[in-house]
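I have placed the structure first, in the form of C-alpha cells, so that the comments after it can refer back to it.
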Amino acid sequence: MQAINTENITIDKVSMPLLTEKKVSVDVLRLDKIHPLISGNKWFKLRYYIEEAKQENKKTILTFGGAWSNHILATAAVCKINQLNSIGIIRGEEAENLSTTLSQAKELGMQLFFISRKDYQQKKIPSELNDTNYYQIAEGGFGKQGAAGATTILDHCRIEDYTHICCAAGTGTMAAGLLRKISETQKVIAISVLKNYLEMEDSIKNIIDEPVKNLIVNHDYHFGGYAKTNRRY
C-alpha cells in the first residue's frame with residue numbers, strides 16, 4: 001500500500017477570463033495528490049482519530065457511509081496502512097454488484113455490514129458487532145477530532161495570502177476546522193453538497209464550541225443532492 005505523502009500537495013492557480021475580468025485571484029490547494037485512494041481532506045479528518053485509536057490500543061476501526069462514500073474508502077486505506085482492521089456500516093441493502101468504492105474498500109480488508117436506511121439514520125450497530133472492541137468514527141469523520149485534523153490543512157499554504165477560504169461541505173467538519181485557523185479578517189465559504197441540510201451552521205457551532213463567526217454557507221449548489229450535477233456540467 002502506497003504511503004500518504006503530504007509533500008505532494010501543490011498550490012495551483014486557477015486561470016479563467018471571468019476571474020481576470022473581476023480582478024480576483026484564486027488558488028486550489030491540491031490535497032488530492034497525497035494518495036490515490038485517500039482523497040482530499042479525508043486523511044486530515046481521520047488522522048487524529050487514528051492516533052487516538054492507537055493510543056487506546058484499539059485494533060479495529062468502525063465507521064459509516066453510503067455505497068459511494070469516499071470516507072469509507074479512505075478509512076479502509078488508512079487502516080490498511082496502519083495495520084488496523086476496519087468495519088464499514090453501509091446505508092441500504094447490499095446490491096448484487098458492489099459499487100467500485102465498496103469493492104475497493106473490501107479489497108483493502110474492510111468488513112462491510114449493510115443495514116436499512118431507517119437503522120442507518122439511527123446509526124444502529126448490527127447485533128453481531130455489539131461485543132467487538134472497536135474504535136468508532138462518525139460518518140464523514142464528523143466531530144472534534146475530525147475538525148482538529150482539518151485545521152492542519154492550512155499548514156500547507158500561506159494562509160495570510162488569502163481573504164477567503166472555500167471548501168465543499170458535507171458534515172461541516174472541514175469548515176469547522178478551517179474556522180479555527182483563520183484570522184478575524186478572513187472568511188470561510190462552505191458550499192453545501194447536501195440538499196436541505198440547513199442545520200449545517202448549528203453542526204459546525206457544536207463542533208467548535210463557540211459562536212460561528214466569519215462563516216458563509218451556500219446552499220444553492222448541490223444540484224439536487226450529494227454528488228449530483230446539472231446538465232451544464
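Lettering and numbering for the C-alpha cells are positional, with chains as A, B, ... in the shown order, residues counted from 1 in each chain, and ligands counted from 1 in the shown order.
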
Quiz prompt | Long-range neighbours of stretch 3-8 of chain A as a PyMOL selection string, 8 Å cut-off, only C-alpha atoms, 6 positions minimum in chain | solution = chain A and resi 31+33-35+81

Could you please take those selected residues and save N, CA and C atoms as a PDB file, in the first residue's frame?
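Saved to result-v6.pdb:
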```
ATOM      1  N   LEU A  31      -4.989  18.871  -2.270  1.00  0.00           N
ATOM      2  CA  LEU A  31      -4.895  17.820  -1.260  1.00  0.00           C
ATOM      3  C   LEU A  31      -5.070  16.437  -1.879  1.00  0.00           C
ATOM      4  N   LYS A  33      -3.495  15.073  -4.070  1.00  0.00           N
ATOM      5  CA  LYS A  33      -2.240  14.494  -4.516  1.00  0.00           C
ATOM      6  C   LYS A  33      -1.536  13.644  -3.462  1.00  0.00           C
ATOM      7  N   ILE A  34      -2.074  13.603  -2.247  1.00  0.00           N
ATOM      8  CA  ILE A  34      -1.355  12.910  -1.173  1.00  0.00           C
ATOM      9  C   ILE A  34      -1.420  11.394  -1.292  1.00  0.00           C
ATOM     10  N   HIS A  35      -2.479  10.893  -1.980  1.00  0.00           N
ATOM     11  CA  HIS A  35      -2.654   9.434  -2.074  1.00  0.00           C
ATOM     12  C   HIS A  35      -3.733   9.145  -3.118  1.00  0.00           C
ATOM     13  N   ILE A  81      -2.881   0.920   5.848  1.00  0.00           N
ATOM     14  CA  ILE A  81      -1.552   1.494   6.045  1.00  0.00           C
ATOM     15  C   ILE A  81      -1.103   1.352   7.490  1.00  0.00           C
TER      16      ILE A  81
END
```

Exercise. Using backbone DSSP assignments, extract all helix (DSSP H, G or I) residues from stretch 3-229 of chain A; output them as number ranges by chain.
Key: A: 6-8, 17-22, 31-34, 42-55, 70-81, 100-107, 117-121, 127-129, 139-141, 144-156, 159-161, 173-181, 200-208

Quiz item: Leaving out A:Arg91 and any residue of its chain fewer than 4 positions from it, which residues lie within 9 Å of it when counting only C-alpha atoms, given as an MDAnalysis selection string?
Solution: chainID A and resid 64:67 113:121

Written selection (C-alpha atoms) as an mmCIF file, in the first residue's frame:
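Okay, this is what ended up in part_17.cif:
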```
data_model
loop_
_atom_site.group_PDB
_atom_site.id
_atom_site.type_symbol
_atom_site.label_atom_id
_atom_site.label_comp_id
_atom_site.auth_asym_id
_atom_site.auth_seq_id
_atom_site.Cartn_x
_atom_site.Cartn_y
_atom_site.Cartn_z
ATOM 1 C CA PHE A 64 -20.390 4.639 8.499
ATOM 2 C CA GLY A 65 -21.116 5.594 4.896
ATOM 3 C CA GLY A 66 -23.052 5.044 1.706
ATOM 4 C CA ALA A 67 -22.288 2.911 -1.326
ATOM 5 C CA PHE A 113 -22.279 -4.645 7.005
ATOM 6 C CA PHE A 114 -25.423 -3.400 5.245
ATOM 7 C CA ILE A 115 -28.320 -2.033 7.286
ATOM 8 C CA SER A 116 -31.670 -0.474 6.402
ATOM 9 C CA ARG A 117 -31.882 3.256 5.830
ATOM 10 C CA LYS A 118 -34.047 3.561 8.946
ATOM 11 C CA ASP A 119 -31.473 1.783 11.101
ATOM 12 C CA TYR A 120 -28.714 3.773 9.439
ATOM 13 C CA GLN A 121 -30.414 7.039 10.327
#
```

Which residues of stretch 58-153 of chain A come within 12 Å of stretch 203-208 of chain A, and for each one, what is the closest pair of atoms and their distance in Å to one decimal, counting only C-alpha atoms, sorted by chain and residue number, as CSV?
```
residue,atom,partner,partner_atom,distance
A:Gly141,CA,A:Ile207,CA,11.7
A:Phe142,CA,A:Ile207,CA,8.5
A:Gly143,CA,A:Ile207,CA,6.0
A:Lys144,CA,A:Ile207,CA,5.5
A:Gln145,CA,A:Ile207,CA,9.2
A:Gly146,CA,A:Ile207,CA,9.3
A:Ala147,CA,A:Ile207,CA,7.4
A:Ala148,CA,A:Ile208,CA,9.3
A:Thr151,CA,A:Ile208,CA,11.3
```

Store the residues of this selection in a file with C-alpha atoms, as a compact mmCIF listing (two decimals), in the first residue's frame.
```
# COMPACT_ATOMS: atom_id res chain seq x y z
CA GLY A 141 -15.20 11.99 10.17
CA PHE A 142 -17.65 14.35 11.87
CA GLY A 143 -16.55 15.53 15.31
CA LYS A 144 -13.96 17.48 17.25
CA GLN A 145 -11.02 15.25 16.31
CA GLY A 146 -12.01 15.49 12.66
CA ALA A 147 -12.14 19.29 12.86
CA ALA A 148 -8.79 19.40 14.65
CA THR A 151 -7.30 22.64 10.87
```

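Atom CA of A:Gln104 is positioned 12.8 Å from atom CA of A:Val78.
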
Practice problem: Identify, with DSSP run on backbone atoms, the residues in stretch 97-144 of chain A assigned to strand (DSSP E), and express the list as an MDAnalysis selection string. | Solution: chainID A and resid 111:115 134:136

Okay, now the selection with N, CA and C atoms, as a compact mmCIF listing (two decimals), in the first residue's frame?
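selection.txt written:
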```txt
# COMPACT_ATOMS: atom_id res chain seq x y z
N GLN A 111 -14.47 -5.04 6.42
CA GLN A 111 -15.70 -5.83 6.52
C GLN A 111 -16.89 -4.90 6.32
N LEU A 112 -17.80 -5.30 5.47
CA LEU A 112 -18.96 -4.46 5.15
C LEU A 112 -20.22 -5.07 5.76
N PHE A 113 -21.00 -4.23 6.44
CA PHE A 113 -22.28 -4.64 7.01
C PHE A 113 -23.35 -3.68 6.49
N PHE A 114 -24.36 -4.22 5.84
CA PHE A 114 -25.42 -3.40 5.25
C PHE A 114 -26.64 -3.37 6.17
N ILE A 115 -27.15 -2.17 6.42
CA ILE A 115 -28.32 -2.03 7.29
C ILE A 115 -29.36 -1.16 6.59
N TYR A 134 -14.11 -2.12 19.22
CA TYR A 134 -13.74 -1.27 18.11
C TYR A 134 -13.68 0.20 18.52
N TYR A 135 -13.02 0.99 17.68
CA TYR A 135 -12.98 2.45 17.84
C TYR A 135 -13.91 3.02 16.78
N GLN A 136 -14.89 3.80 17.19
CA GLN A 136 -15.92 4.27 16.26
C GLN A 136 -15.64 5.68 15.77
```

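Take atom CA of A:Glu139 and atom CA of A:Cys166: the distance between them is 21.6 Å.
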
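Residues surrounding A:Val193 within 12 Å are Cys167, Ala168, Ala169, Gly170, Thr171, Gly172, Ala190, Ile191, Lys195, Asn196, Tyr197, Leu198, Met200, Val217, Asn218, His219, Asp220, Tyr221, His222, Phe223, Gly224, Gly225, Tyr226, Ala227, Lys228 and Thr229 of chain A [only C-alpha atoms; sequence separation below 2 positions excluded].
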
Those selected residues, please, written with C-alpha atoms and delivered as a CSV table (one decimal), in the first residue's frame.
```
chain,number,residue,atom,x,y,z
A,167,CYS,CA,-14.5,24.3,0.6
A,168,ALA,CA,-17.2,21.8,-0.2
A,169,ALA,CA,-19.1,20.8,2.9
A,170,GLY,CA,-20.9,17.6,3.7
A,171,THR,CA,-20.9,17.3,7.5
A,172,GLY,CA,-19.3,20.7,8.0
A,190,ALA,CA,-18.6,26.4,2.7
A,191,ILE,CA,-20.6,25.1,-0.3
A,195,LYS,CA,-29.9,19.1,-0.3
A,196,ASN,CA,-31.8,20.9,2.5
A,197,TYR,CA,-29.1,20.4,5.1
A,198,LEU,CA,-30.0,23.8,6.7
A,200,MET,CA,-25.0,22.8,9.0
A,217,VAL,CA,-22.7,28.6,4.0
A,218,ASN,CA,-24.1,28.5,0.4
A,219,HIS,CA,-26.9,26.0,0.0
A,220,ASP,CA,-27.6,26.8,-3.7
A,221,TYR,CA,-25.1,24.5,-5.5
A,222,HIS,CA,-26.0,20.9,-4.5
A,223,PHE,CA,-27.8,20.4,-7.9
A,224,GLY,CA,-30.4,18.1,-6.3
A,225,GLY,CA,-28.3,16.1,-3.8
A,226,TYR,CA,-24.9,14.7,-3.0
A,227,ALA,CA,-22.6,14.2,-6.0
A,228,LYS,CA,-25.3,15.3,-8.5
A,229,THR,CA,-24.8,17.8,-11.3
```

Quiz item: Restricting the calculation to only C-alpha atoms, which member of A:Thr132, A:Thr20, A:Asn70, A:Ser25 is positioned closest to A:Lys58?
Solution: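 For A:Lys58, the nearest of the given residues is A:Thr132.
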
Practice problem: Please indicate the distance in Å from atom CA of A:Ser15 to atom CA of A:Gly40, rounded to one decimal place. | Solution: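 Atom CA of A:Gly40 lies 21.2 Å from atom CA of A:Ser15.
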
Quiz item: So which residues touch A:Thr100 within 10 Å, counting only C-alpha atoms, skipping near sequence neighbours fewer than 5 positions away, as a ChimeraX atom specification?
Solution: /A:67-68,73,105-106

Go ahead and write the selection's residues with N, CA and C atoms as a PDB file, in the first residue's frame.
```
ATOM      1  N   ALA A  67     -22.919   3.795  -0.342  1.00  0.00           N
ATOM      2  CA  ALA A  67     -22.288   2.911  -1.326  1.00  0.00           C
ATOM      3  C   ALA A  67     -21.164   3.582  -2.102  1.00  0.00           C
ATOM      4  N   TRP A  68     -21.183   4.906  -2.181  1.00  0.00           N
ATOM      5  CA  TRP A  68     -20.151   5.631  -2.928  1.00  0.00           C
ATOM      6  C   TRP A  68     -19.354   6.560  -2.009  1.00  0.00           C
ATOM      7  N   LEU A  73     -13.921   4.484   1.771  1.00  0.00           N
ATOM      8  CA  LEU A  73     -12.722   4.033   1.068  1.00  0.00           C
ATOM      9  C   LEU A  73     -11.462   4.566   1.741  1.00  0.00           C
ATOM     10  N   ALA A 105     -12.870  -0.903  -1.071  1.00  0.00           N
ATOM     11  CA  ALA A 105     -12.778  -0.963   0.393  1.00  0.00           C
ATOM     12  C   ALA A 105     -12.675  -2.412   0.866  1.00  0.00           C
ATOM     13  N   LYS A 106     -13.460  -3.277   0.241  1.00  0.00           N
ATOM     14  CA  LYS A 106     -13.442  -4.699   0.598  1.00  0.00           C
ATOM     15  C   LYS A 106     -12.099  -5.326   0.262  1.00  0.00           C
TER      16      LYS A 106
END
```
